[in-house]
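Novice: Could you have a look at this structure, given as structure tokens, before my questions?
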Amino acid sequence: MTKRKEGGQSCPPIAGVAVGQECPPSLLDGWKSRKEFKARVMDWARKLDVDASAIYIRPMTRKWASCSTAGTLSFNDELLEMDRELGDYVIVHELLHFSVPNHGKLWKSLMRAHLGNYEESERRLKSIATEK
């Protein structure tokens, strides 16, 4: 489980909270269920106009998520224990790969457009991965 910084965090744009406003604790808590996580994936897929044909949540030892050209998304089940901000980062990261298959300038611009300072979530995930 990740530790939250004191003083709150800003919410991702899709959360329905004004930009710069502190995020309610419920959005920083872990997911209640696999169903809730999958619903969030579908919300983002609609927003990003991506056709996700299947969503799986399963143990993954080397990565947080993956996607296939057939529209299949797989997410590491450890994400269910993490706060929703990190979940949104991984979800958007993978969904954008349906349009942009690399991590180049376009991908980074789209990440920033949808999540703002996505680099902070990226750093947090890398930190968690090295603690394993």
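Residue numbering restarts at 1 for every chain of the structure tokens, chains are lettered A, B, ... in their displayed order, and ligands are numbered from 1 as they appear.
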So which residues touch Val41 of chain A within 10 Å, counting only C-alpha atoms, skipping near sequence neighbours fewer than 6 positions away, as number ranges by chain?
Specialist: A: 35, 47, 52, 55, 73, 87-88, 90-92, 94-95
Novice: Do a neighbour search on Ser121 of chain A at 9 Å with only C-alpha atoms, toss out local chain neighbours closer than 2 positions, and write the hits as a ChimeraX atom specification.
Specialist: /A:85-86,89-90,117-119,123-126
Novice: How about saving the chosen residues, all heavy atoms kept, as a compact mmCIF listing (two decimals), in the first residue's frame?
Specialist:
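After the write, selection-v9.txt holds the following:
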```txt
# COMPACT_ATOMS: atom_id res chain seq x y z
N GLU A 85 -5.52 7.55 -7.92
CA GLU A 85 -4.68 8.40 -8.77
C GLU A 85 -3.67 7.55 -9.54
O GLU A 85 -3.47 7.75 -10.74
CB GLU A 85 -3.98 9.46 -7.93
CG GLU A 85 -3.21 10.46 -8.76
CD GLU A 85 -2.59 11.56 -7.93
OE1 GLU A 85 -2.71 11.54 -6.69
OE2 GLU A 85 -1.97 12.45 -8.52
N LEU A 86 -3.06 6.59 -8.85
CA LEU A 86 -2.11 5.69 -9.52
C LEU A 86 -2.85 4.79 -10.50
O LEU A 86 -2.35 4.50 -11.59
CB LEU A 86 -1.33 4.86 -8.51
CG LEU A 86 -0.30 5.63 -7.68
CD1 LEU A 86 0.37 4.71 -6.68
CD2 LEU A 86 0.72 6.30 -8.56
N TYR A 89 -3.48 6.72 -13.61
CA TYR A 89 -2.25 6.86 -14.40
C TYR A 89 -2.03 5.61 -15.26
O TYR A 89 -1.78 5.69 -16.46
CB TYR A 89 -1.04 7.10 -13.48
CG TYR A 89 0.26 6.89 -14.22
CD1 TYR A 89 0.78 7.88 -15.04
CD2 TYR A 89 0.94 5.68 -14.15
CE1 TYR A 89 1.95 7.67 -15.77
CE2 TYR A 89 2.10 5.45 -14.85
CZ TYR A 89 2.60 6.46 -15.66
OH TYR A 89 3.74 6.25 -16.38
N VAL A 90 -2.13 4.43 -14.65
CA VAL A 90 -1.88 3.18 -15.38
C VAL A 90 -2.95 2.97 -16.45
O VAL A 90 -2.65 2.57 -17.58
CB VAL A 90 -1.79 1.97 -14.42
CG1 VAL A 90 -1.66 0.67 -15.20
CG2 VAL A 90 -0.62 2.14 -13.46
N ASN A 117 0.16 16.64 -14.19
CA ASN A 117 1.52 16.24 -13.82
C ASN A 117 1.60 14.72 -13.63
O ASN A 117 1.74 14.22 -12.52
CB ASN A 117 1.95 16.97 -12.54
CG ASN A 117 3.38 16.65 -12.15
OD1 ASN A 117 4.17 16.16 -12.95
ND2 ASN A 117 3.71 16.91 -10.90
N TYR A 118 1.51 13.98 -14.73
CA TYR A 118 1.52 12.53 -14.67
C TYR A 118 2.87 11.99 -14.20
O TYR A 118 2.96 10.87 -13.69
CB TYR A 118 1.16 11.92 -16.03
CG TYR A 118 2.25 12.03 -17.06
CD1 TYR A 118 3.21 11.04 -17.19
CD2 TYR A 118 2.34 13.15 -17.89
CE1 TYR A 118 4.23 11.15 -18.13
CE2 TYR A 118 3.35 13.26 -18.81
CZ TYR A 118 4.29 12.26 -18.93
OH TYR A 118 5.29 12.38 -19.85
N GLU A 119 3.92 12.78 -14.34
CA GLU A 119 5.26 12.32 -13.97
C GLU A 119 5.34 11.97 -12.48
O GLU A 119 6.10 11.08 -12.09
CB GLU A 119 6.32 13.36 -14.31
CG GLU A 119 6.51 13.61 -15.79
CD GLU A 119 5.70 14.78 -16.31
OE1 GLU A 119 4.75 15.22 -15.63
OE2 GLU A 119 6.00 15.27 -17.41
N ARG A 123 6.68 8.46 -11.07
CA ARG A 123 7.75 8.32 -10.06
C ARG A 123 7.29 7.44 -8.89
O ARG A 123 8.04 6.59 -8.41
CB ARG A 123 8.18 9.69 -9.54
CG ARG A 123 9.14 10.42 -10.46
CD ARG A 123 9.72 11.66 -9.80
NE ARG A 123 8.75 12.73 -9.68
CZ ARG A 123 8.47 13.61 -10.65
NH1 ARG A 123 9.10 13.53 -11.81
NH2 ARG A 123 7.59 14.56 -10.48
N ARG A 124 6.05 7.66 -8.44
CA ARG A 124 5.53 6.87 -7.32
C ARG A 124 5.48 5.39 -7.68
O ARG A 124 5.84 4.54 -6.87
CB ARG A 124 4.14 7.37 -6.91
CG ARG A 124 4.21 8.73 -6.20
CD ARG A 124 2.83 9.26 -5.86
NE ARG A 124 2.06 8.34 -5.05
CZ ARG A 124 0.73 8.27 -5.06
NH1 ARG A 124 0.02 9.06 -5.84
NH2 ARG A 124 0.10 7.42 -4.29
N LEU A 125 5.02 5.07 -8.88
CA LEU A 125 4.95 3.66 -9.29
C LEU A 125 6.34 3.04 -9.39
O LEU A 125 6.55 1.89 -8.99
CB LEU A 125 4.24 3.53 -10.64
CG LEU A 125 2.73 3.41 -10.58
CD1 LEU A 125 2.15 3.38 -11.99
CD2 LEU A 125 2.29 2.20 -9.79
N LYS A 126 7.29 3.78 -9.93
CA LYS A 126 8.66 3.27 -10.02
C LYS A 126 9.24 3.01 -8.63
O LYS A 126 9.93 2.03 -8.41
CB LYS A 126 9.55 4.23 -10.80
CG LYS A 126 9.31 4.16 -12.30
CD LYS A 126 10.22 5.07 -13.07
CE LYS A 126 9.88 4.98 -14.55
NZ LYS A 126 10.66 5.89 -15.36
```
Novice: At what distance in Å, to one decimal, does atom CA of Ile57 of chain A lie from atom CA of Ala113 of chain A?
Specialist: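 Spanning atom CA of Ala113 of chain A to atom CA of Ile57 of chain A is a straight-line distance of 26.3 Å.
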Novice: Could you tell me how far atom CA of Lys38 of chain A lies from atom CA of Ala54 of chain A, in Å and to one decimal?
Specialist: 9.8 Å
Novice: From the DSSP assignment of the backbone, select every residue of segment 37-110 of chain A that is strand (DSSP E), and format the answer as a ChimeraX atom specification.
Specialist: /A:54-58,65-67,72-76
Novice: Restricting the calculation to only C-alpha atoms: of A:Thr61, A:Gly116, A:Ser74, A:Asn102, which residue gets closest to Ala129 of chain A?
Specialist: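 The closest residue to Ala129 of chain A is A:Thr61.
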Novice: Find the residues near Ser53 of chain A: any atom within 8 Å, counting only C-alpha atoms, skip ones fewer than 6 places away on the same chain, and give them as a list in words.
Specialist: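 Result of the neighbour search: Ala70, Gly71, Thr72 and Leu73 of chain A.
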Novice: Contacts of Phe98 of chain A at 9 Å or less, counting only C-alpha atoms, minus same-chain residues fewer than 5 places along, as an MDAnalysis selection string?
Specialist: chainID A and resid 50:51 67:69 71
Novice: For the residues in that selection, give me all heavy atoms as a PDB file, in the first residue's frame.
Specialist:
```
ATOM      1  N   VAL A  50     -11.641   4.803 -27.036  1.00  0.00           N
ATOM      2  CA  VAL A  50     -10.921   3.553 -27.246  1.00  0.00           C
ATOM      3  C   VAL A  50     -11.901   2.400 -27.072  1.00  0.00           C
ATOM      4  O   VAL A  50     -12.709   2.391 -26.141  1.00  0.00           O
ATOM      5  CB  VAL A  50      -9.759   3.409 -26.227  1.00  0.00           C
ATOM      6  CG1 VAL A  50      -9.146   2.029 -26.283  1.00  0.00           C
ATOM      7  CG2 VAL A  50      -8.712   4.479 -26.465  1.00  0.00           C
ATOM      8  N   ASP A  51     -11.818   1.429 -27.964  1.00  0.00           N
ATOM      9  CA  ASP A  51     -12.662   0.241 -27.880  1.00  0.00           C
ATOM     10  C   ASP A  51     -11.897  -0.864 -27.166  1.00  0.00           C
ATOM     11  O   ASP A  51     -11.054  -1.539 -27.763  1.00  0.00           O
ATOM     12  CB  ASP A  51     -13.073  -0.207 -29.286  1.00  0.00           C
ATOM     13  CG  ASP A  51     -14.020  -1.390 -29.269  1.00  0.00           C
ATOM     14  OD1 ASP A  51     -14.718  -1.573 -28.245  1.00  0.00           O
ATOM     15  OD2 ASP A  51     -14.063  -2.123 -30.271  1.00  0.00           O
ATOM     16  N   CYS A  67      -1.399  -4.104 -23.037  1.00  0.00           N
ATOM     17  CA  CYS A  67      -2.530  -4.063 -23.961  1.00  0.00           C
ATOM     18  C   CYS A  67      -2.137  -4.765 -25.250  1.00  0.00           C
ATOM     19  O   CYS A  67      -0.961  -4.879 -25.577  1.00  0.00           O
ATOM     20  CB  CYS A  67      -2.968  -2.625 -24.243  1.00  0.00           C
ATOM     21  SG  CYS A  67      -1.723  -1.573 -24.996  1.00  0.00           S
ATOM     22  N   SER A  68      -3.144  -5.262 -25.951  1.00  0.00           N
ATOM     23  CA  SER A  68      -2.890  -5.940 -27.223  1.00  0.00           C
ATOM     24  C   SER A  68      -3.571  -5.169 -28.345  1.00  0.00           C
ATOM     25  O   SER A  68      -4.500  -4.390 -28.110  1.00  0.00           O
ATOM     26  CB  SER A  68      -3.424  -7.370 -27.183  1.00  0.00           C
ATOM     27  OG  SER A  68      -4.839  -7.362 -27.294  1.00  0.00           O
ATOM     28  N   THR A  69      -3.141  -5.429 -29.562  1.00  0.00           N
ATOM     29  CA  THR A  69      -3.751  -4.763 -30.720  1.00  0.00           C
ATOM     30  C   THR A  69      -5.200  -5.208 -30.913  1.00  0.00           C
ATOM     31  O   THR A  69      -5.970  -4.525 -31.575  1.00  0.00           O
ATOM     32  CB  THR A  69      -2.945  -5.048 -32.005  1.00  0.00           C
ATOM     33  OG1 THR A  69      -2.824  -6.466 -32.161  1.00  0.00           O
ATOM     34  CG2 THR A  69      -1.564  -4.410 -31.929  1.00  0.00           C
ATOM     35  N   GLY A  71      -7.353  -5.195 -28.591  1.00  0.00           N
ATOM     36  CA  GLY A  71      -8.180  -4.443 -27.656  1.00  0.00           C
ATOM     37  C   GLY A  71      -8.267  -5.041 -26.271  1.00  0.00           C
ATOM     38  O   GLY A  71      -9.074  -4.613 -25.445  1.00  0.00           O
TER      39      GLY A  71
END
```
